[in-house]
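Beneath this line is the structure, given in structure tokens, with notes to follow.
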Amino acid sequence: MIVPFGPGGGADIIGRIIAQAMQERLGQPVVIENRPGAGGTIGNDAVARAEKDGYTLGVMTAGQIIAAVMSKSLRYDTLTAFDPVAQIATAGLMIVTRPDFPVNNVKELIAAAKASPGKLSFASPGFGATQHFTGELFRQAAGINILHVPFRTSPEAIAALLGKQVDVLFDTVSALLGQVQSGQLKALAVTGKDRFPAVPDVPAAIESGLLPGYDVTTWYGIFGPRDIPPAIIARLNKTINDSLADQAVRERLTKAGVVVKGSTPEAFGKHLADEYARWNKVRIAAGIEQQ
């Protein structure tokens with residue numbers, strides 16, 4: 001199982017949990033191989049070129065779809081090079097600021113941005129990251145002019161927010177949960193259409209009534225190279241969904257900061273295509289050129 005990011009990140013943690021569960025049910029080793037780089041596209045390329053026998057799979061995330069949207073030089077077509085196997089989980093993102101920033105909710109943030117066009121700034125842990133595009137979609141849905149300031153990592157972006165270099169940060173719940181719970185950061189909203197279990201008191205941004213259709217969650221799933229025999233896809237899908245039904249596996253995934261969500265191969269494939277179309281539309285509206 002190829003994880004196209006480094007050890008210790010969300011995709012790696014989720015991949016290792018599901019790999020162990022699959023190993024127990026299939027009765028043979030499932031080995032994790034980290035292939036980080038280029039927004040996950042190096043790992044995806046390895047999956048695209050693997051044998052079509054079901055013995056090489058990959059972990060897919062929203063980040064890889066956005067990386068594909070951002071690139072015009074990939075050696076594979078994201079929409080045709082892979083067979084979707086199953087979705088595993090979704091995960092929330094949060095909009096946060098520092099405690100002394102004079103904004104306490106999404107309505108006040110939008111009002112402040114409209115009162116001072118171009119003066120407010122939002123941070124993300126990387127240009128072209130899921131968090132960046134989550135902020136871009138927020139800007140487009142709200143009709144505001146707010147400056148994006150990218151950083152290399154979540155800790156750098158958090159430090160910049162606390163140091164008053166930026167005003168707002170879009171990042172994953174898992175990356176921000178500790179600081180929000182300790183009061184170091186002030187949560188304005190979560191970005192999904194529903195409240196997130198780990199922070200039930202934080203409203204969804206769409207509850208403001210000012211962001212029609214705004215609903216962003218990141219997600220994790222399993223995929224393989226195109227043309228794996230259907231019977232093998234079916235067995236792998238059943239193995240994953242059976243794993244997700246196991247209470248011990250569900251608890252491990254919940255502790256990792258995600259919400260368990262299995263699927264059929266067809267549903268996951270439609271989700272991938274919809275996500276590609278959605279983020280490409282955001283890229284075009286934001287005036288971001290493909291690299």
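Residues are referred to by chain and number: the chain letter is A, B, ... according to the order shown in the structure tokens, the number counts from 1 in that chain, and ligands are numbered separately from 1 in the order shown.
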
Excluding Gly6 in chain A and any residue of its chain fewer than 5 positions from it, enumerate the residues within 10 Å of it, using only C-alpha atoms, and give them as a PyMOL selection string.
chain A and resi 11-12+33-37+40

Neighbouring residues of range 130-133 of chain A were defined as those with any atom within 8 Å, considering only C-alpha atoms; residues of the same chain fewer than 4 positions away were excluded. Please report them as a list in words.
Ala62, Gly63, Ile66, Leu93, Ala123, Ser124, Pro125, Gly126, Leu137, His148, Pro150, Phe170, Asp171, Thr172, Thr218, Trp279, Val282 and Arg283 of chain A

May I have the residues from that selection written out with N, CA, C and O atoms, as a tab-separated table (two decimals), in the first residue's frame?
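That gives us part_34.tsv:
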chain	number	residue	atom	x	y	z
A	62	ALA	N	-7.83	14.24	-0.66
A	62	ALA	CA	-8.21	15.45	-1.39
A	62	ALA	C	-6.98	16.19	-1.90
A	62	ALA	O	-7.00	16.81	-2.97
A	63	GLY	N	-5.89	16.13	-1.14
A	63	GLY	CA	-4.66	16.83	-1.53
A	63	GLY	C	-4.12	16.38	-2.86
A	63	GLY	O	-3.61	17.20	-3.65
A	66	ILE	N	-6.21	17.93	-5.67
A	66	ILE	CA	-5.86	19.33	-5.88
A	66	ILE	C	-4.50	19.44	-6.55
A	66	ILE	O	-4.30	20.28	-7.44
A	93	LEU	N	-12.05	20.45	8.57
A	93	LEU	CA	-11.11	21.57	8.64
A	93	LEU	C	-11.77	22.67	9.48
A	93	LEU	O	-12.99	22.71	9.61
A	123	ALA	N	-3.83	32.31	6.31
A	123	ALA	CA	-2.68	31.44	6.14
A	123	ALA	C	-3.13	30.02	5.81
A	123	ALA	O	-4.25	29.62	6.12
A	124	SER	N	-2.23	29.27	5.19
A	124	SER	CA	-2.42	27.84	4.97
A	124	SER	C	-1.05	27.18	5.01
A	124	SER	O	-0.03	27.85	4.81
A	125	PRO	N	-1.01	25.88	5.28
A	125	PRO	CA	0.28	25.18	5.27
A	125	PRO	C	0.68	24.73	3.87
A	125	PRO	O	0.94	23.56	3.62
A	126	GLY	N	0.69	25.67	2.91
A	126	GLY	CA	1.19	25.33	1.58
A	126	GLY	C	0.35	25.82	0.44
A	126	GLY	O	-0.86	25.67	0.42
A	137	LEU	N	-12.05	28.89	-1.72
A	137	LEU	CA	-13.47	28.69	-1.93
A	137	LEU	C	-14.29	29.55	-0.96
A	137	LEU	O	-15.34	30.09	-1.33
A	148	HIS	N	-4.02	35.54	0.59
A	148	HIS	CA	-3.50	34.23	1.00
A	148	HIS	C	-2.00	34.32	1.26
A	148	HIS	O	-1.24	34.83	0.45
A	150	PRO	N	0.91	31.60	2.15
A	150	PRO	CA	1.23	30.18	2.37
A	150	PRO	C	2.48	29.99	3.22
A	150	PRO	O	3.42	30.79	3.16
A	170	PHE	N	-6.76	28.51	7.88
A	170	PHE	CA	-7.56	27.35	7.50
A	170	PHE	C	-6.66	26.13	7.63
A	170	PHE	O	-5.61	26.05	6.99
A	171	ASP	N	-7.06	25.15	8.46
A	171	ASP	CA	-6.26	23.94	8.61
A	171	ASP	C	-7.15	22.82	9.13
A	171	ASP	O	-8.31	23.04	9.47
A	172	THR	N	-6.61	21.61	9.20
A	172	THR	CA	-7.39	20.46	9.62
A	172	THR	C	-7.70	20.53	11.11
A	172	THR	O	-6.95	21.11	11.90
A	218	THR	N	-11.85	17.18	4.03
A	218	THR	CA	-10.86	16.34	3.37
A	218	THR	C	-11.27	14.89	3.56
A	218	THR	O	-12.23	14.61	4.30
A	279	TRP	N	-12.55	21.37	-7.61
A	279	TRP	CA	-11.33	22.11	-7.29
A	279	TRP	C	-10.72	22.76	-8.52
A	279	TRP	O	-10.07	23.80	-8.41
A	282	VAL	N	-12.51	25.98	-8.74
A	282	VAL	CA	-11.97	26.93	-7.75
A	282	VAL	C	-10.65	27.51	-8.25
A	282	VAL	O	-10.40	28.71	-8.12
A	283	ARG	N	-9.79	26.66	-8.82
A	283	ARG	CA	-8.49	27.12	-9.32
A	283	ARG	C	-8.68	28.18	-10.41
A	283	ARG	O	-8.02	29.24	-10.39

Could you state the separation of CA of Thr78 in chain A and CA of Ala286 in chain A in Å, given to one decimal place?
21.5 Å

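Restricting the calculation to only C-alpha atoms, the smallest distance between Gly213 in chain A and any of A:Leu272, A:Ala141, A:Ile228, A:Leu185 is found for A:Ala141.
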
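The nearest approach to Val259 in chain A among the residues A:Ala89, A:Ala48, A:Ile2, A:Ala273, with only C-alpha atoms taken into account, belongs to A:Ala89.
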
Give me every strand (DSSP E) residue in range 66-159 of chain A, going by DSSP on the backbone, as a VMD selection string.
chain A and resid 82 to 91 93 to 97 121 to 124 147 to 150

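Counting only C-alpha atoms, the residue from A:Leu188, A:Ile65, A:Val260, A:Met60 that sits nearest to Pro99 in chain A is A:Leu188.
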
Write out as a ChimeraX atom specification all residues of range 52-270 of chain A that backbone DSSP assigns to helix (DSSP H, G or I).
/A:62-70,106-115,130-142,154-162,173-182,205-208,230-244,247-255,265-270

The residue from A:Ile95, A:Ile146, A:Met1, A:Ala285 with the smallest atom-to-atom distance to Leu177 in chain A, counting only C-alpha atoms, is A:Ile95

Between CA of Lys119 in chain A and CA of Val103 in chain A, what is the distance in Å, rounded to a tenth?
14.3 Å

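Closest to Phe101 in chain A among A:Ala189, A:Met70, A:Val168, A:Ile232 is A:Val168, based on only C-alpha atoms.
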
Ala234 in chain A environment, 10 Å, only C-alpha atoms, sequence neighbours closer than 3 positions dropped, as an MDAnalysis selection string:
chainID A and resid 85:86 229:231 237:240 264:265
